[in-house]
Amino acid sequence: MRQNKIGSVMATEVVTARYGTPFKEVARLLTEHRISGLPVIDEDDKVLGVISETDLMVRQADVPDPYETKRRIRFAGLTRSGRRKAAKAHARTAGQLMSVPPVTVHADNTIAEAARTMAEHRVERLPVVDEEDRLVGIVTRRDLIQVFLQPDDVIRREVIEEVLVRSLWLMPRTVEVSVVEGVVTLDGHVERKSEAEIAVSMTNRIDGVVAVVDELSYRQDDSHLRPDEPAMHGVTEDWLRRL
């Protein structure tokens, strides 16, 4: 089943900084290129860390207010995050300012994998690296959203060809597939419950699918069988292990 890879949506022209790039130069790069963050790389183009606008704002927020009463003790500085924040507040270079370790993806990762990584780490952009962890591009949330622009007719054709025919070996008319605004409805009758579950699971993984409405019925409930039993073979066995 085809899934778009990060390499198909990433930007290959990446604005970067070096470890010793001055603070003001980092701010200029972000402003001039109208971006919210950039990777910091070494001489071999390997990613050392990532700088975001938030990192720069920490520096600005630490400037004391002349009208504010001075606090005697700053307990936040006793925690690891507090010490990290304090270090960034006095940063003079990109190396001192960047967040580490960097969260990256590979060009052959799927868009879904990149989206999960972004959500897990709560970041808006990911440096893309090759097999040797060298920077080859960058992908943002906006780049990933493009996958949902996939036309309904393209999604429907892929469900029929890749899921029903090629993977489950079903006749195209066995299951009726309709797609409206990315929502796929599967309606029909299959032989086994496992086939219905796999059809829904695989359809959910197709790029551009927003949701799947399961209207499938089945003749045999084979959920009690183990994947290594004769009834489970080929792609069915492989996908049952993932459900």
# chains A, B, ... in the order shown; residues from 1 in each chain; ligands from 1
>>> residues_around(residues="Thr12 of chain A", least_positions_apart="6", cutoff="7 Å", atoms="only C-alpha atoms", output="VMD selection string")
chain A and resid 136 to 138
>>> residues_around(residues="segment 90-95 of chain A", least_positions_apart="5", cutoff="7 Å", atoms="only C-alpha atoms", output="PyMOL selection string")
chain A and resi 17-23+26+59
>>> closest_residue(among="A:Val180, A:Ile51, A:Val209, A:Val190", to="Gln150 of chain A", atoms="only C-alpha atoms")
A:Val209
>>> atom_distance(atom1="atom CA of Asn204 of chain A", atom2="atom CA of Arg125 of chain A")
24.1 Å
>>> atom_distance(atom1="atom CA of Asp214 of chain A", atom2="atom CA of Glu195 of chain A")
12.1 Å
>>> closest_residue(among="A:Glu197, A:Glu25, A:Gly37, A:Gly188", to="Leu126 of chain A", atoms="only C-alpha atoms")
A:Gly37
>>> residues_around(residues="segment 172-176 of chain A", least_positions_apart="4", cutoff="9 Å", atoms="only C-alpha atoms", output="list in words")
Ile160, Glu161, Leu164, Val165, Thr185, Leu186, Asp187, Gly188, His189, Val190 and Leu216 of chain A
>>> write_last_selection(atoms="N, CA, C and O atoms", output="compact mmCIF listing (two decimals), in the first residue's frame")
# COMPACT_ATOMS: atom_id res chain seq x y z
N ILE A 160 -9.73 0.54 -3.30
CA ILE A 160 -10.16 -0.61 -4.10
C ILE A 160 -8.97 -1.41 -4.61
O ILE A 160 -8.89 -2.64 -4.44
N GLU A 161 -8.00 -0.71 -5.20
CA GLU A 161 -6.88 -1.40 -5.84
C GLU A 161 -5.88 -1.97 -4.84
O GLU A 161 -5.43 -3.11 -4.98
N LEU A 164 -8.48 -3.78 -1.20
CA LEU A 164 -9.42 -4.87 -1.49
C LEU A 164 -8.84 -5.90 -2.47
O LEU A 164 -8.87 -7.10 -2.21
N VAL A 165 -8.33 -5.42 -3.61
CA VAL A 165 -7.90 -6.34 -4.67
C VAL A 165 -6.50 -6.89 -4.40
O VAL A 165 -6.30 -8.11 -4.32
N THR A 185 -16.37 5.12 3.52
CA THR A 185 -17.35 4.15 4.02
C THR A 185 -17.16 2.83 3.29
O THR A 185 -17.14 2.79 2.05
N LEU A 186 -16.97 1.76 4.06
CA LEU A 186 -16.84 0.42 3.51
C LEU A 186 -18.12 -0.35 3.81
O LEU A 186 -18.47 -0.55 4.99
N ASP A 187 -18.81 -0.80 2.76
CA ASP A 187 -20.10 -1.46 2.94
C ASP A 187 -20.13 -2.72 2.07
O ASP A 187 -19.95 -2.66 0.85
N GLY A 188 -20.32 -3.88 2.72
CA GLY A 188 -20.37 -5.12 1.95
C GLY A 188 -20.21 -6.32 2.85
O GLY A 188 -20.25 -6.22 4.09
N HIS A 189 -20.00 -7.48 2.24
CA HIS A 189 -19.90 -8.73 2.99
C HIS A 189 -18.59 -9.43 2.63
O HIS A 189 -18.29 -9.62 1.45
N VAL A 190 -17.82 -9.83 3.66
CA VAL A 190 -16.58 -10.57 3.46
C VAL A 190 -16.70 -11.91 4.17
O VAL A 190 -17.61 -12.14 4.97
N LEU A 216 -19.14 -3.14 7.27
CA LEU A 216 -18.87 -4.47 6.76
C LEU A 216 -19.50 -5.56 7.63
O LEU A 216 -19.53 -5.45 8.85
>>> select_by_dssp(residues="segment 8-167 of chain A", states="helix (DSSP H, G or I)", output="PyMOL selection string")
chain A and resi 8+23-33+53-61+75-78+80-89+94-97+111-121+141-149+152-167
>>> residues_around(residues="Asp44 of chain A", least_positions_apart="4", cutoff="10 Å", atoms="only C-alpha atoms", output="ChimeraX atom specification")
/A:132-135
>>> atom_distance(atom1="atom CA of Gly182 of chain A", atom2="atom CA of Ile206 of chain A")
10.3 Å
>>> select_by_dssp(residues="segment 115-217 of chain A", states="strand (DSSP E or B)", output="ChimeraX atom specification")
/A:125-129,134-140,175-180,183-192,211-217
>>> residues_around(residues="Val100 of chain A", least_positions_apart="6", cutoff="10 Å", atoms="only C-alpha atoms", output="list in words")
Val47, Leu48, Gly49, Val50 and Ile51 of chain A
>>> write_last_selection(atoms="N, CA, C and O atoms", output="CSV table (one decimal), in the first residue's frame")
chain,number,residue,atom,x,y,z
A,47,VAL,N,22.9,17.2,12.4
A,47,VAL,CA,22.1,18.1,13.3
A,47,VAL,C,22.5,18.0,14.7
A,47,VAL,O,22.4,16.9,15.3
A,48,LEU,N,22.9,19.1,15.3
A,48,LEU,CA,23.3,19.2,16.7
A,48,LEU,C,22.1,19.5,17.6
A,48,LEU,O,22.0,19.0,18.8
A,49,GLY,N,21.2,20.3,17.1
A,49,GLY,CA,20.1,20.8,17.9
A,49,GLY,C,19.1,21.6,17.0
A,49,GLY,O,19.4,21.8,15.8
A,50,VAL,N,18.1,22.1,17.7
A,50,VAL,CA,17.1,22.9,16.9
A,50,VAL,C,16.8,24.2,17.7
A,50,VAL,O,16.7,24.1,19.0
A,51,ILE,N,16.7,25.3,17.1
A,51,ILE,CA,16.3,26.6,17.7
A,51,ILE,C,14.9,27.0,17.2
A,51,ILE,O,14.6,26.9,16.0
>>> closest_residue(among="A:Leu225, A:Ala107, A:Leu144, A:Val183", to="Ile6 of chain A", atoms="only C-alpha atoms")
A:Ala107
>>> closest_residue(among="A:Leu97, A:Arg142, A:Val15, A:Ala199", to="Arg166 of chain A", atoms="only C-alpha atoms")
A:Ala199
>>> decode(residues="segment 4-29 of chain A", atoms="N, CA and C atoms", output="PDB file, in the first residue's frame")
ATOM      1  N   ASN A   4       2.714   8.266   1.212  1.00  0.00           N
ATOM      2  CA  ASN A   4       3.670   9.300   0.868  1.00  0.00           C
ATOM      3  C   ASN A   4       4.786   9.365   1.901  1.00  0.00           C
ATOM      4  N   LYS A   5       5.985   9.556   1.417  1.00  0.00           N
ATOM      5  CA  LYS A   5       7.149   9.657   2.283  1.00  0.00           C
ATOM      6  C   LYS A   5       7.481  11.123   2.542  1.00  0.00           C
ATOM      7  N   ILE A   6       8.233  11.340   3.608  1.00  0.00           N
ATOM      8  CA  ILE A   6       8.643  12.693   3.966  1.00  0.00           C
ATOM      9  C   ILE A   6       9.426  13.348   2.831  1.00  0.00           C
ATOM     10  N   GLY A   7      10.205  12.545   2.120  1.00  0.00           N
ATOM     11  CA  GLY A   7      11.000  13.089   1.029  1.00  0.00           C
ATOM     12  C   GLY A   7      10.180  13.749  -0.060  1.00  0.00           C
ATOM     13  N   SER A   8       8.896  13.386  -0.165  1.00  0.00           N
ATOM     14  CA  SER A   8       8.050  13.949  -1.217  1.00  0.00           C
ATOM     15  C   SER A   8       7.456  15.301  -0.843  1.00  0.00           C
ATOM     16  N   VAL A   9       7.513  15.677   0.435  1.00  0.00           N
ATOM     17  CA  VAL A   9       6.900  16.945   0.853  1.00  0.00           C
ATOM     18  C   VAL A   9       7.887  17.889   1.545  1.00  0.00           C
ATOM     19  N   MET A  10       9.065  17.414   1.887  1.00  0.00           N
ATOM     20  CA  MET A  10      10.016  18.253   2.620  1.00  0.00           C
ATOM     21  C   MET A  10      10.608  19.350   1.745  1.00  0.00           C
ATOM     22  N   ALA A  11      11.073  20.395   2.392  1.00  0.00           N
ATOM     23  CA  ALA A  11      11.814  21.461   1.709  1.00  0.00           C
ATOM     24  C   ALA A  11      13.294  21.100   1.744  1.00  0.00           C
ATOM     25  N   THR A  12      13.964  21.224   0.615  1.00  0.00           N
ATOM     26  CA  THR A  12      15.379  20.843   0.545  1.00  0.00           C
ATOM     27  C   THR A  12      16.322  22.030   0.767  1.00  0.00           C
ATOM     28  N   GLU A  13      15.821  23.225   0.611  1.00  0.00           N
ATOM     29  CA  GLU A  13      16.626  24.413   0.904  1.00  0.00           C
ATOM     30  C   GLU A  13      16.353  24.819   2.346  1.00  0.00           C
ATOM     31  N   VAL A  14      17.311  24.541   3.212  1.00  0.00           N
ATOM     32  CA  VAL A  14      17.104  24.729   4.644  1.00  0.00           C
ATOM     33  C   VAL A  14      17.987  25.854   5.183  1.00  0.00           C
ATOM     34  N   VAL A  15      17.381  26.753   5.932  1.00  0.00           N
ATOM     35  CA  VAL A  15      18.129  27.808   6.619  1.00  0.00           C
ATOM     36  C   VAL A  15      18.697  27.194   7.891  1.00  0.00           C
ATOM     37  N   THR A  16      20.006  27.283   8.068  1.00  0.00           N
ATOM     38  CA  THR A  16      20.662  26.648   9.209  1.00  0.00           C
ATOM     39  C   THR A  16      21.567  27.628   9.942  1.00  0.00           C
ATOM     40  N   ALA A  17      22.000  27.191  11.123  1.00  0.00           N
ATOM     41  CA  ALA A  17      22.992  27.939  11.897  1.00  0.00           C
ATOM     42  C   ALA A  17      24.079  26.970  12.319  1.00  0.00           C
ATOM     43  N   ARG A  18      25.231  27.517  12.646  1.00  0.00           N
ATOM     44  CA  ARG A  18      26.336  26.717  13.188  1.00  0.00           C
ATOM     45  C   ARG A  18      26.375  26.902  14.704  1.00  0.00           C
ATOM     46  N   TYR A  19      27.131  26.055  15.368  1.00  0.00           N
ATOM     47  CA  TYR A  19      27.189  26.124  16.830  1.00  0.00           C
ATOM     48  C   TYR A  19      27.587  27.515  17.316  1.00  0.00           C
ATOM     49  N   GLY A  20      28.533  28.147  16.621  1.00  0.00           N
ATOM     50  CA  GLY A  20      29.021  29.445  17.074  1.00  0.00           C
ATOM     51  C   GLY A  20      28.314  30.646  16.479  1.00  0.00           C
ATOM     52  N   THR A  21      27.230  30.433  15.720  1.00  0.00           N
ATOM     53  CA  THR A  21      26.489  31.558  15.136  1.00  0.00           C
ATOM     54  C   THR A  21      25.969  32.470  16.241  1.00  0.00           C
ATOM     55  N   PRO A  22      26.265  33.784  16.176  1.00  0.00           N
ATOM     56  CA  PRO A  22      25.836  34.716  17.231  1.00  0.00           C
ATOM     57  C   PRO A  22      24.315  34.776  17.372  1.00  0.00           C
ATOM     58  N   PHE A  23      23.870  35.110  18.569  1.00  0.00           N
ATOM     59  CA  PHE A  23      22.442  35.208  18.883  1.00  0.00           C
ATOM     60  C   PHE A  23      21.715  36.121  17.902  1.00  0.00           C
ATOM     61  N   LYS A  24      22.262  37.301  17.676  1.00  0.00           N
ATOM     62  CA  LYS A  24      21.587  38.259  16.797  1.00  0.00           C
ATOM     63  C   LYS A  24      21.505  37.766  15.359  1.00  0.00           C
ATOM     64  N   GLU A  25      22.479  36.993  14.926  1.00  0.00           N
ATOM     65  CA  GLU A  25      22.438  36.437  13.579  1.00  0.00           C
ATOM     66  C   GLU A  25      21.318  35.404  13.459  1.00  0.00           C
ATOM     67  N   VAL A  26      21.112  34.625  14.528  1.00  0.00           N
ATOM     68  CA  VAL A  26      20.008  33.667  14.542  1.00  0.00           C
ATOM     69  C   VAL A  26      18.678  34.404  14.426  1.00  0.00           C
ATOM     70  N   ALA A  27      18.531  35.479  15.200  1.00  0.00           N
ATOM     71  CA  ALA A  27      17.298  36.269  15.149  1.00  0.00           C
ATOM     72  C   ALA A  27      17.092  36.857  13.757  1.00  0.00           C
ATOM     73  N   ARG A  28      18.183  37.309  13.133  1.00  0.00           N
ATOM     74  CA  ARG A  28      18.076  37.878  11.791  1.00  0.00           C
ATOM     75  C   ARG A  28      17.636  36.826  10.781  1.00  0.00           C
ATOM     76  N   LEU A  29      18.193  35.621  10.892  1.00  0.00           N
ATOM     77  CA  LEU A  29      17.838  34.546   9.962  1.00  0.00           C
ATOM     78  C   LEU A  29      16.350  34.196  10.064  1.00  0.00           C
TER      79      LEU A  29
END
